[in-house]
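Structure file work-v8.cif (mmCIF, N, CA and C atoms) is printed below.
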```cif
data_query
#
loop_
_atom_site.label_atom_id
_atom_site.label_comp_id
_atom_site.auth_asym_id
_atom_site.auth_seq_id
_atom_site.Cartn_x
_atom_site.Cartn_y
_atom_site.Cartn_z
N MET A 1 -115.27 -123.95 -24.84
CA MET A 1 -113.90 -124.02 -24.37
C MET A 1 -113.90 -124.10 -22.85
N ASN A 2 -114.11 -125.27 -22.36
CA ASN A 2 -114.21 -125.46 -20.93
C ASN A 2 -112.95 -126.13 -20.39
N TYR A 3 -111.81 -125.53 -20.64
CA TYR A 3 -110.54 -126.07 -20.18
C TYR A 3 -110.15 -125.39 -18.87
N ILE A 4 -109.42 -126.12 -18.05
CA ILE A 4 -108.92 -125.54 -16.80
C ILE A 4 -107.50 -125.03 -17.00
N TYR A 5 -106.72 -125.75 -17.80
CA TYR A 5 -105.30 -125.41 -17.96
C TYR A 5 -105.04 -124.79 -19.33
N TRP A 6 -104.41 -123.63 -19.28
CA TRP A 6 -104.06 -122.88 -20.47
C TRP A 6 -102.58 -122.55 -20.43
N LYS A 7 -101.98 -122.37 -21.61
CA LYS A 7 -100.57 -121.97 -21.68
C LYS A 7 -100.43 -120.86 -22.70
N PRO A 8 -99.36 -120.09 -22.59
CA PRO A 8 -99.16 -119.01 -23.57
C PRO A 8 -99.04 -119.56 -24.99
N PHE A 9 -99.67 -118.89 -25.92
CA PHE A 9 -99.58 -119.26 -27.34
C PHE A 9 -98.20 -118.91 -27.88
N ASP A 10 -97.71 -117.77 -27.50
CA ASP A 10 -96.38 -117.31 -27.86
C ASP A 10 -95.96 -116.28 -26.81
N ASN A 11 -94.81 -115.75 -26.94
CA ASN A 11 -94.33 -114.76 -25.95
C ASN A 11 -94.43 -113.34 -26.48
N LYS A 12 -95.37 -113.11 -27.38
CA LYS A 12 -95.52 -111.78 -27.96
C LYS A 12 -96.54 -110.95 -27.19
N ASN A 13 -96.37 -109.67 -27.27
CA ASN A 13 -97.36 -108.72 -26.76
C ASN A 13 -98.17 -108.21 -27.94
N TYR A 14 -99.46 -108.06 -27.72
CA TYR A 14 -100.35 -107.62 -28.77
C TYR A 14 -101.12 -106.39 -28.33
N SER A 15 -101.46 -105.55 -29.29
CA SER A 15 -102.41 -104.47 -29.00
C SER A 15 -103.79 -105.10 -28.96
N LEU A 16 -104.76 -104.36 -28.50
CA LEU A 16 -106.13 -104.88 -28.44
C LEU A 16 -106.60 -105.33 -29.82
N ASN A 17 -106.40 -104.50 -30.84
CA ASN A 17 -106.85 -104.85 -32.19
C ASN A 17 -106.13 -106.07 -32.74
N GLU A 18 -104.82 -106.18 -32.48
CA GLU A 18 -104.07 -107.34 -32.95
C GLU A 18 -104.56 -108.62 -32.26
N ALA A 19 -104.82 -108.53 -30.96
CA ALA A 19 -105.29 -109.70 -30.21
C ALA A 19 -106.67 -110.13 -30.72
N ILE A 20 -107.56 -109.17 -30.93
CA ILE A 20 -108.90 -109.50 -31.45
C ILE A 20 -108.78 -110.16 -32.81
N ASP A 21 -107.93 -109.62 -33.65
CA ASP A 21 -107.73 -110.19 -34.99
C ASP A 21 -107.24 -111.64 -34.90
N MET A 22 -106.31 -111.92 -33.98
CA MET A 22 -105.80 -113.28 -33.82
C MET A 22 -106.90 -114.24 -33.34
N VAL A 23 -107.75 -113.77 -32.46
CA VAL A 23 -108.83 -114.62 -31.95
C VAL A 23 -109.88 -114.88 -33.02
N LEU A 24 -110.27 -113.85 -33.74
CA LEU A 24 -111.36 -113.98 -34.70
C LEU A 24 -110.94 -114.53 -36.06
N ASN A 25 -109.70 -114.26 -36.45
CA ASN A 25 -109.28 -114.61 -37.81
C ASN A 25 -108.11 -115.59 -37.85
N ASN A 26 -108.09 -116.51 -36.94
CA ASN A 26 -107.02 -117.50 -36.91
C ASN A 26 -107.62 -118.87 -37.24
N PRO A 27 -107.61 -119.27 -38.52
CA PRO A 27 -108.28 -120.52 -38.92
C PRO A 27 -107.62 -121.76 -38.30
N ASP A 28 -106.36 -121.66 -37.92
CA ASP A 28 -105.67 -122.82 -37.34
C ASP A 28 -106.05 -123.04 -35.88
N ARG A 29 -106.53 -122.01 -35.19
CA ARG A 29 -106.84 -122.11 -33.77
C ARG A 29 -108.25 -121.63 -33.51
N LYS A 30 -109.11 -122.53 -33.13
CA LYS A 30 -110.47 -122.15 -32.77
C LYS A 30 -110.59 -121.99 -31.25
N ASP A 31 -109.55 -122.36 -30.54
CA ASP A 31 -109.58 -122.40 -29.07
C ASP A 31 -108.52 -121.47 -28.49
N ILE A 32 -108.50 -120.26 -28.97
CA ILE A 32 -107.49 -119.29 -28.54
C ILE A 32 -108.17 -118.19 -27.72
N GLN A 33 -107.50 -117.74 -26.70
CA GLN A 33 -108.01 -116.66 -25.85
C GLN A 33 -107.05 -115.49 -25.86
N MET A 34 -107.60 -114.31 -25.64
CA MET A 34 -106.77 -113.12 -25.42
C MET A 34 -106.97 -112.72 -23.96
N ARG A 35 -105.87 -112.35 -23.31
CA ARG A 35 -105.93 -112.00 -21.90
C ARG A 35 -105.09 -110.77 -21.61
N LEU A 36 -105.55 -110.05 -20.60
CA LEU A 36 -104.81 -108.88 -20.13
C LEU A 36 -104.99 -108.78 -18.63
N ARG A 37 -103.87 -108.69 -17.93
CA ARG A 37 -103.92 -108.52 -16.48
C ARG A 37 -103.80 -107.04 -16.17
N LYS A 38 -104.68 -106.57 -15.29
CA LYS A 38 -104.65 -105.17 -14.90
C LYS A 38 -103.35 -104.90 -14.13
N PRO A 39 -102.65 -103.82 -14.46
CA PRO A 39 -101.40 -103.52 -13.75
C PRO A 39 -101.62 -103.40 -12.24
N ASN A 40 -100.72 -103.98 -11.48
CA ASN A 40 -100.74 -103.93 -10.02
C ASN A 40 -102.03 -104.49 -9.44
N ASP A 41 -102.59 -105.50 -10.08
CA ASP A 41 -103.85 -106.06 -9.62
C ASP A 41 -103.90 -107.52 -10.07
N TYR A 42 -104.83 -108.27 -9.52
CA TYR A 42 -105.02 -109.67 -9.93
C TYR A 42 -106.15 -109.81 -10.94
N LYS A 43 -106.84 -108.72 -11.24
CA LYS A 43 -107.94 -108.77 -12.19
C LYS A 43 -107.40 -109.05 -13.58
N GLU A 44 -108.06 -109.97 -14.26
CA GLU A 44 -107.62 -110.34 -15.60
C GLU A 44 -108.84 -110.34 -16.52
N LEU A 45 -108.69 -109.73 -17.67
CA LEU A 45 -109.73 -109.75 -18.70
C LEU A 45 -109.43 -110.92 -19.63
N ILE A 46 -110.45 -111.71 -19.91
CA ILE A 46 -110.28 -112.89 -20.77
C ILE A 46 -111.38 -112.89 -21.82
N PHE A 47 -110.98 -113.02 -23.09
CA PHE A 47 -111.94 -113.08 -24.18
C PHE A 47 -111.56 -114.20 -25.13
N ASP A 48 -112.56 -114.87 -25.66
CA ASP A 48 -112.37 -115.83 -26.74
C ASP A 48 -113.48 -115.60 -27.76
N LYS A 49 -113.57 -116.44 -28.76
CA LYS A 49 -114.59 -116.24 -29.81
C LYS A 49 -116.00 -116.23 -29.24
N ASP A 50 -116.21 -116.99 -28.17
CA ASP A 50 -117.57 -117.13 -27.63
C ASP A 50 -118.05 -115.90 -26.87
N ASN A 51 -117.14 -115.13 -26.29
CA ASN A 51 -117.61 -114.00 -25.49
C ASN A 51 -117.22 -112.63 -26.06
N LEU A 52 -116.74 -112.60 -27.28
CA LEU A 52 -116.56 -111.32 -27.97
C LEU A 52 -117.88 -110.99 -28.66
N PRO A 53 -118.34 -109.74 -28.57
CA PRO A 53 -119.60 -109.40 -29.22
C PRO A 53 -119.48 -109.49 -30.74
N LYS A 54 -120.61 -109.78 -31.38
CA LYS A 54 -120.61 -109.88 -32.85
C LYS A 54 -120.19 -108.55 -33.48
N ASN A 55 -120.65 -107.47 -32.90
CA ASN A 55 -120.26 -106.15 -33.35
C ASN A 55 -119.21 -105.64 -32.35
N LEU A 56 -117.99 -105.52 -32.79
CA LEU A 56 -116.91 -105.13 -31.87
C LEU A 56 -117.08 -103.73 -31.32
N ASP A 57 -117.93 -102.92 -31.95
CA ASP A 57 -118.21 -101.59 -31.40
C ASP A 57 -118.96 -101.70 -30.07
N ASP A 58 -119.56 -102.87 -29.82
CA ASP A 58 -120.29 -103.09 -28.57
C ASP A 58 -119.38 -103.58 -27.44
N LEU A 59 -118.12 -103.78 -27.73
CA LEU A 59 -117.16 -104.24 -26.72
C LEU A 59 -116.87 -103.10 -25.76
N GLU A 60 -117.22 -103.31 -24.51
CA GLU A 60 -116.99 -102.28 -23.49
C GLU A 60 -115.82 -102.69 -22.62
N LEU A 61 -114.79 -101.85 -22.63
CA LEU A 61 -113.58 -102.10 -21.86
C LEU A 61 -113.16 -100.82 -21.15
N PRO A 62 -112.46 -100.95 -20.02
CA PRO A 62 -111.91 -99.74 -19.39
C PRO A 62 -110.79 -99.16 -20.25
N MET A 63 -110.54 -97.90 -20.09
CA MET A 63 -109.53 -97.21 -20.91
C MET A 63 -108.15 -97.86 -20.78
N TRP A 64 -107.78 -98.31 -19.57
CA TRP A 64 -106.46 -98.92 -19.40
C TRP A 64 -106.32 -100.16 -20.28
N ALA A 65 -107.41 -100.89 -20.49
CA ALA A 65 -107.34 -102.11 -21.30
C ALA A 65 -107.30 -101.79 -22.79
N ILE A 66 -107.99 -100.75 -23.19
CA ILE A 66 -108.01 -100.37 -24.60
C ILE A 66 -106.63 -99.91 -25.06
N LYS A 67 -105.95 -99.16 -24.21
CA LYS A 67 -104.66 -98.59 -24.60
C LYS A 67 -103.47 -99.51 -24.32
N ASP A 68 -103.68 -100.56 -23.53
CA ASP A 68 -102.57 -101.42 -23.12
C ASP A 68 -102.03 -102.23 -24.30
N PRO A 69 -100.72 -102.16 -24.56
CA PRO A 69 -100.13 -102.92 -25.67
C PRO A 69 -99.64 -104.32 -25.25
N TYR A 70 -100.06 -104.79 -24.08
CA TYR A 70 -99.53 -106.05 -23.55
C TYR A 70 -100.59 -107.13 -23.42
N TRP A 71 -101.46 -107.26 -24.41
CA TRP A 71 -102.40 -108.37 -24.46
C TRP A 71 -101.61 -109.63 -24.82
N HIS A 72 -102.01 -110.75 -24.25
CA HIS A 72 -101.34 -112.02 -24.52
C HIS A 72 -102.35 -113.04 -25.01
N LEU A 73 -101.87 -114.00 -25.77
CA LEU A 73 -102.73 -115.06 -26.30
C LEU A 73 -102.43 -116.37 -25.58
N TYR A 74 -103.50 -117.12 -25.30
CA TYR A 74 -103.38 -118.41 -24.61
C TYR A 74 -104.16 -119.47 -25.38
N VAL A 75 -103.65 -120.70 -25.30
CA VAL A 75 -104.32 -121.86 -25.89
C VAL A 75 -104.40 -122.94 -24.81
N PRO A 76 -105.34 -123.89 -24.97
CA PRO A 76 -105.45 -124.95 -23.96
C PRO A 76 -104.15 -125.75 -23.86
N ASP A 77 -103.82 -126.15 -22.64
CA ASP A 77 -102.66 -127.01 -22.41
C ASP A 77 -103.19 -128.45 -22.38
N TYR A 78 -103.25 -129.06 -23.56
CA TYR A 78 -103.85 -130.39 -23.68
C TYR A 78 -103.08 -131.45 -22.88
N ASP A 79 -101.77 -131.32 -22.80
CA ASP A 79 -100.97 -132.27 -22.04
C ASP A 79 -101.34 -132.23 -20.56
N MET A 80 -101.44 -131.02 -20.01
CA MET A 80 -101.81 -130.88 -18.61
C MET A 80 -103.25 -131.33 -18.39
N GLU A 81 -104.15 -131.02 -19.31
CA GLU A 81 -105.54 -131.47 -19.20
C GLU A 81 -105.61 -133.00 -19.17
N SER A 82 -104.81 -133.66 -20.02
CA SER A 82 -104.79 -135.12 -20.05
C SER A 82 -104.29 -135.70 -18.73
N LYS A 83 -103.22 -135.12 -18.21
CA LYS A 83 -102.70 -135.58 -16.91
C LYS A 83 -103.72 -135.34 -15.81
N ALA A 84 -104.37 -134.19 -15.84
CA ALA A 84 -105.39 -133.88 -14.83
C ALA A 84 -106.55 -134.86 -14.93
N ASN A 85 -106.95 -135.22 -16.15
CA ASN A 85 -108.02 -136.20 -16.32
C ASN A 85 -107.63 -137.55 -15.75
N ASP A 86 -106.37 -137.95 -15.96
CA ASP A 86 -105.89 -139.21 -15.38
C ASP A 86 -105.97 -139.16 -13.85
N VAL A 87 -105.55 -138.04 -13.27
CA VAL A 87 -105.60 -137.89 -11.81
C VAL A 87 -107.04 -137.90 -11.31
N ARG A 88 -107.92 -137.21 -12.03
CA ARG A 88 -109.34 -137.18 -11.64
C ARG A 88 -109.94 -138.58 -11.70
N ASP A 89 -109.63 -139.32 -12.79
CA ASP A 89 -110.15 -140.68 -12.93
C ASP A 89 -109.64 -141.57 -11.81
N TYR A 90 -108.35 -141.43 -11.50
CA TYR A 90 -107.77 -142.21 -10.41
C TYR A 90 -108.48 -141.88 -9.09
N LEU A 91 -108.65 -140.61 -8.82
CA LEU A 91 -109.31 -140.20 -7.58
C LEU A 91 -110.73 -140.74 -7.53
N ASP A 92 -111.43 -140.66 -8.64
CA ASP A 92 -112.81 -141.14 -8.70
C ASP A 92 -112.88 -142.66 -8.49
N ASP A 93 -111.84 -143.38 -8.95
CA ASP A 93 -111.81 -144.85 -8.79
C ASP A 93 -111.49 -145.29 -7.38
N VAL A 94 -110.58 -144.58 -6.70
CA VAL A 94 -110.10 -145.05 -5.40
C VAL A 94 -110.71 -144.34 -4.21
N TYR A 95 -111.38 -143.21 -4.44
CA TYR A 95 -111.88 -142.41 -3.33
C TYR A 95 -113.18 -141.75 -3.75
N GLU A 96 -114.17 -141.81 -2.94
CA GLU A 96 -115.45 -141.21 -3.29
C GLU A 96 -115.45 -139.73 -2.89
N VAL A 97 -115.40 -138.88 -3.88
CA VAL A 97 -115.40 -137.44 -3.65
C VAL A 97 -116.81 -137.01 -3.28
N ASP A 98 -116.92 -136.13 -2.30
CA ASP A 98 -118.22 -135.63 -1.88
C ASP A 98 -118.79 -134.73 -2.97
N SER A 99 -119.74 -135.26 -3.72
CA SER A 99 -120.26 -134.55 -4.90
C SER A 99 -121.14 -133.35 -4.54
N ARG A 100 -121.42 -133.15 -3.25
CA ARG A 100 -122.14 -131.94 -2.87
C ARG A 100 -121.25 -130.71 -3.07
N PHE A 101 -119.94 -130.92 -3.01
CA PHE A 101 -119.00 -129.80 -3.09
C PHE A 101 -118.15 -129.82 -4.36
N TRP A 102 -117.93 -130.98 -4.93
CA TRP A 102 -117.01 -131.10 -6.06
C TRP A 102 -117.62 -131.89 -7.20
N ASP A 103 -117.38 -131.44 -8.40
CA ASP A 103 -117.62 -132.23 -9.60
C ASP A 103 -116.23 -132.68 -10.03
N VAL A 104 -115.95 -133.97 -9.89
CA VAL A 104 -114.59 -134.48 -10.13
C VAL A 104 -114.07 -134.05 -11.50
N SER A 105 -114.92 -134.04 -12.50
CA SER A 105 -114.46 -133.70 -13.85
C SER A 105 -114.03 -132.24 -13.98
N GLN A 106 -114.41 -131.39 -13.00
CA GLN A 106 -114.05 -129.98 -13.06
C GLN A 106 -113.01 -129.58 -12.02
N MET A 107 -112.51 -130.55 -11.25
CA MET A 107 -111.54 -130.23 -10.20
C MET A 107 -110.17 -129.95 -10.81
N SER A 108 -109.49 -128.94 -10.28
CA SER A 108 -108.11 -128.70 -10.69
C SER A 108 -107.22 -129.68 -9.93
N VAL A 109 -105.98 -129.80 -10.36
CA VAL A 109 -105.06 -130.70 -9.67
C VAL A 109 -104.87 -130.22 -8.23
N GLY A 110 -104.86 -128.91 -8.01
CA GLY A 110 -104.74 -128.39 -6.65
C GLY A 110 -105.92 -128.81 -5.78
N GLN A 111 -107.12 -128.78 -6.35
CA GLN A 111 -108.29 -129.22 -5.59
C GLN A 111 -108.24 -130.71 -5.30
N VAL A 112 -107.76 -131.50 -6.28
CA VAL A 112 -107.59 -132.94 -6.05
C VAL A 112 -106.60 -133.17 -4.92
N PHE A 113 -105.47 -132.44 -4.96
CA PHE A 113 -104.45 -132.61 -3.93
C PHE A 113 -105.00 -132.21 -2.56
N ASN A 114 -105.74 -131.10 -2.50
CA ASN A 114 -106.34 -130.67 -1.23
C ASN A 114 -107.33 -131.70 -0.71
N GLU A 115 -108.12 -132.29 -1.59
CA GLU A 115 -109.07 -133.32 -1.18
C GLU A 115 -108.34 -134.52 -0.59
N LEU A 116 -107.25 -134.93 -1.25
CA LEU A 116 -106.44 -136.03 -0.71
C LEU A 116 -105.81 -135.64 0.63
N ASP A 117 -105.28 -134.43 0.68
CA ASP A 117 -104.62 -133.98 1.90
C ASP A 117 -105.60 -133.91 3.06
N ASN A 118 -106.80 -133.44 2.81
CA ASN A 118 -107.78 -133.28 3.89
C ASN A 118 -108.41 -134.58 4.35
N HIS A 119 -108.46 -135.59 3.46
CA HIS A 119 -109.23 -136.78 3.81
C HIS A 119 -108.47 -138.10 3.70
N VAL A 120 -107.29 -138.10 3.12
CA VAL A 120 -106.59 -139.36 2.91
C VAL A 120 -105.20 -139.37 3.54
N LEU A 121 -104.44 -138.29 3.34
CA LEU A 121 -103.06 -138.27 3.81
C LEU A 121 -102.98 -138.09 5.32
N ASN A 122 -101.99 -138.76 5.88
CA ASN A 122 -101.67 -138.52 7.29
C ASN A 122 -100.28 -137.91 7.33
N ASP A 123 -99.78 -137.58 8.52
CA ASP A 123 -98.48 -136.91 8.61
C ASP A 123 -97.34 -137.75 8.07
N GLU A 124 -97.43 -139.06 8.20
CA GLU A 124 -96.38 -139.93 7.67
C GLU A 124 -96.32 -139.84 6.14
N LEU A 125 -97.47 -139.89 5.49
CA LEU A 125 -97.49 -139.76 4.03
C LEU A 125 -97.09 -138.36 3.58
N ARG A 126 -97.53 -137.35 4.31
CA ARG A 126 -97.12 -135.98 3.98
C ARG A 126 -95.60 -135.84 4.06
N MET A 127 -95.01 -136.44 5.08
CA MET A 127 -93.55 -136.38 5.25
C MET A 127 -92.86 -137.09 4.09
N GLU A 128 -93.38 -138.23 3.66
CA GLU A 128 -92.79 -138.93 2.51
C GLU A 128 -92.84 -138.06 1.25
N ILE A 129 -93.95 -137.38 1.05
CA ILE A 129 -94.08 -136.51 -0.12
C ILE A 129 -93.08 -135.35 -0.04
N ILE A 130 -93.00 -134.73 1.11
CA ILE A 130 -92.08 -133.59 1.28
C ILE A 130 -90.63 -134.05 1.10
N LEU A 131 -90.28 -135.18 1.67
CA LEU A 131 -88.90 -135.68 1.53
C LEU A 131 -88.60 -136.06 0.08
N TRP A 132 -89.58 -136.63 -0.63
CA TRP A 132 -89.37 -136.96 -2.03
C TRP A 132 -89.15 -135.67 -2.83
N LEU A 133 -89.94 -134.64 -2.57
CA LEU A 133 -89.76 -133.37 -3.26
C LEU A 133 -88.38 -132.79 -2.97
N ARG A 134 -87.97 -132.84 -1.72
CA ARG A 134 -86.65 -132.32 -1.34
C ARG A 134 -85.54 -133.13 -2.00
N ASP A 135 -85.60 -134.46 -1.90
CA ASP A 135 -84.54 -135.33 -2.42
C ASP A 135 -84.42 -135.29 -3.94
N ASN A 136 -85.49 -134.91 -4.61
CA ASN A 136 -85.47 -134.86 -6.07
C ASN A 136 -85.39 -133.42 -6.59
N ASN A 137 -85.01 -132.50 -5.70
CA ASN A 137 -84.82 -131.10 -6.05
C ASN A 137 -86.03 -130.49 -6.76
N LYS A 138 -87.22 -130.79 -6.26
CA LYS A 138 -88.45 -130.25 -6.83
C LYS A 138 -88.92 -128.99 -6.12
N ILE A 139 -88.31 -128.68 -4.99
CA ILE A 139 -88.65 -127.46 -4.27
C ILE A 139 -87.62 -126.40 -4.63
N PRO A 140 -88.06 -125.29 -5.23
CA PRO A 140 -87.10 -124.27 -5.66
C PRO A 140 -86.35 -123.66 -4.47
N SER A 141 -85.09 -123.42 -4.67
CA SER A 141 -84.26 -122.81 -3.65
C SER A 141 -84.54 -121.31 -3.60
N ARG A 142 -84.38 -120.72 -2.44
CA ARG A 142 -84.59 -119.28 -2.29
C ARG A 142 -83.45 -118.48 -2.90
N TYR A 143 -82.33 -119.11 -3.14
CA TYR A 143 -81.15 -118.35 -3.61
C TYR A 143 -80.71 -118.80 -4.97
#
```

Could you rewrite the structure in this file as structure tokens?
Amino acid sequence: MNYIYWKPFDNKNYSLNEAIDMVLNNPDRKDIQMRLRKPNDYKELIFDKDNLPKNLDDLELPMWAIKDPYWHLYVPDYDMESKANDVRDYLDDVYEVDSRFWDVSQMSVGQVFNELDNHVLNDELRMEIILWLRDNNKIPSRY
């Protein structure tokens, strides 16, 4: 499961045992992850079928994660992955990415945009992009 983009499977909260059960015993989804973000922190625990131990008694987690009833399930966002692949292919066709630093097939859209911004865009093109975003109401208002 080497996807970059994931989306929520549903908007439900799961206990640890419920989340594990969904990951291990969901015949319809082989590509499902369980995630938990540590409260007041950016640390996130992520598990899928590949990194859960065969014997669940060997699963070592901090107490806050064991007791937390807010585990969430995620599945790959295939639509976003497809769009990202199109962007990567386009970038690879029109611009030679420095492969010492980037593997084009693993770049996120943000990394692609930064690569373009750092090496292709000038202030005139940046202004056109910003004005297009503004004129098409793509920049969220503060109020």

Kindly give the distance, in Å, that separates atom N of A:Arg35 and atom N of A:Ser105, rounded to a single decimal. 25.9 Å

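You will find atom CA of A:Trp102 at 14.2 Å from atom C of A:Ala84.
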
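We find atom N of A:Glu124 and atom CA of A:Tyr95 to be spaced 18.8 Å apart.
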
Emit as lines of an AutoDock Vina configuration file the padded axis-aligned box for all listed atoms of stretch 24-38 of chain A, 8 Å per side, with centre and edge lengths in Å to one decimal.
```
center_x = -107.4
center_y = -114.0
center_z = -26.5
size_x = 24.0
size_y = 34.1
size_z = 40.8
```

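Here the strand (DSSP E or B) residues in chain A, by DSSP on the backbone, are Trp6, Lys7, Pro8, Tyr14, Gln33, Met34, Arg35, Leu36, Arg37, Glu44, Leu45, Ile46, Phe47, Trp71, His72, Leu73, Tyr74, Val75 and Pro76 of chain A.
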
Every residue of chain A that DSSP places in helix (DSSP H, G or I), as a ChimeraX atom specification: /A:16-24,56-58,63-67,78-94,104-106,109-119,123-135

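Minimum distance to A:Asp68 across A:Leu116, A:Ile32, A:Ala19, A:Ile130 (counting only C-alpha atoms) occurs at A:Ala19.
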
With only C-alpha atoms as the counted atoms, please give the residues lying no more than 12 Å from stretch 42-44 of chain A, apart from itself and same-chain residues fewer than 4 positions off, as a PyMOL selection string. chain A and resi 34-38+61+65+71-72

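Contact shell of A:Gln33 at 6 Å (only C-alpha atoms; same-chain neighbours under 2 positions omitted): Phe47, Asp48, Leu73 and Tyr74 of chain A.
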
Can you write just those residues out, N, CA and C atoms, as a JSON list (two decimals), keeping the file's coordinate frame?
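Output below, filename again-v8.json:
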```json
[["chain", "number", "residue", "atom", "x", "y", "z"],
["A", 47, "PHE", "N", -110.98, -113.02, -23.09],
["A", 47, "PHE", "CA", -111.94, -113.08, -24.18],
["A", 47, "PHE", "C", -111.56, -114.20, -25.13],
["A", 48, "ASP", "N", -112.56, -114.87, -25.66],
["A", 48, "ASP", "CA", -112.37, -115.83, -26.74],
["A", 48, "ASP", "C", -113.48, -115.60, -27.76],
["A", 73, "LEU", "N", -101.87, -114.00, -25.77],
["A", 73, "LEU", "CA", -102.73, -115.06, -26.30],
["A", 73, "LEU", "C", -102.43, -116.37, -25.58],
["A", 74, "TYR", "N", -103.50, -117.12, -25.30],
["A", 74, "TYR", "CA", -103.38, -118.41, -24.61],
["A", 74, "TYR", "C", -104.16, -119.47, -25.38]]
```
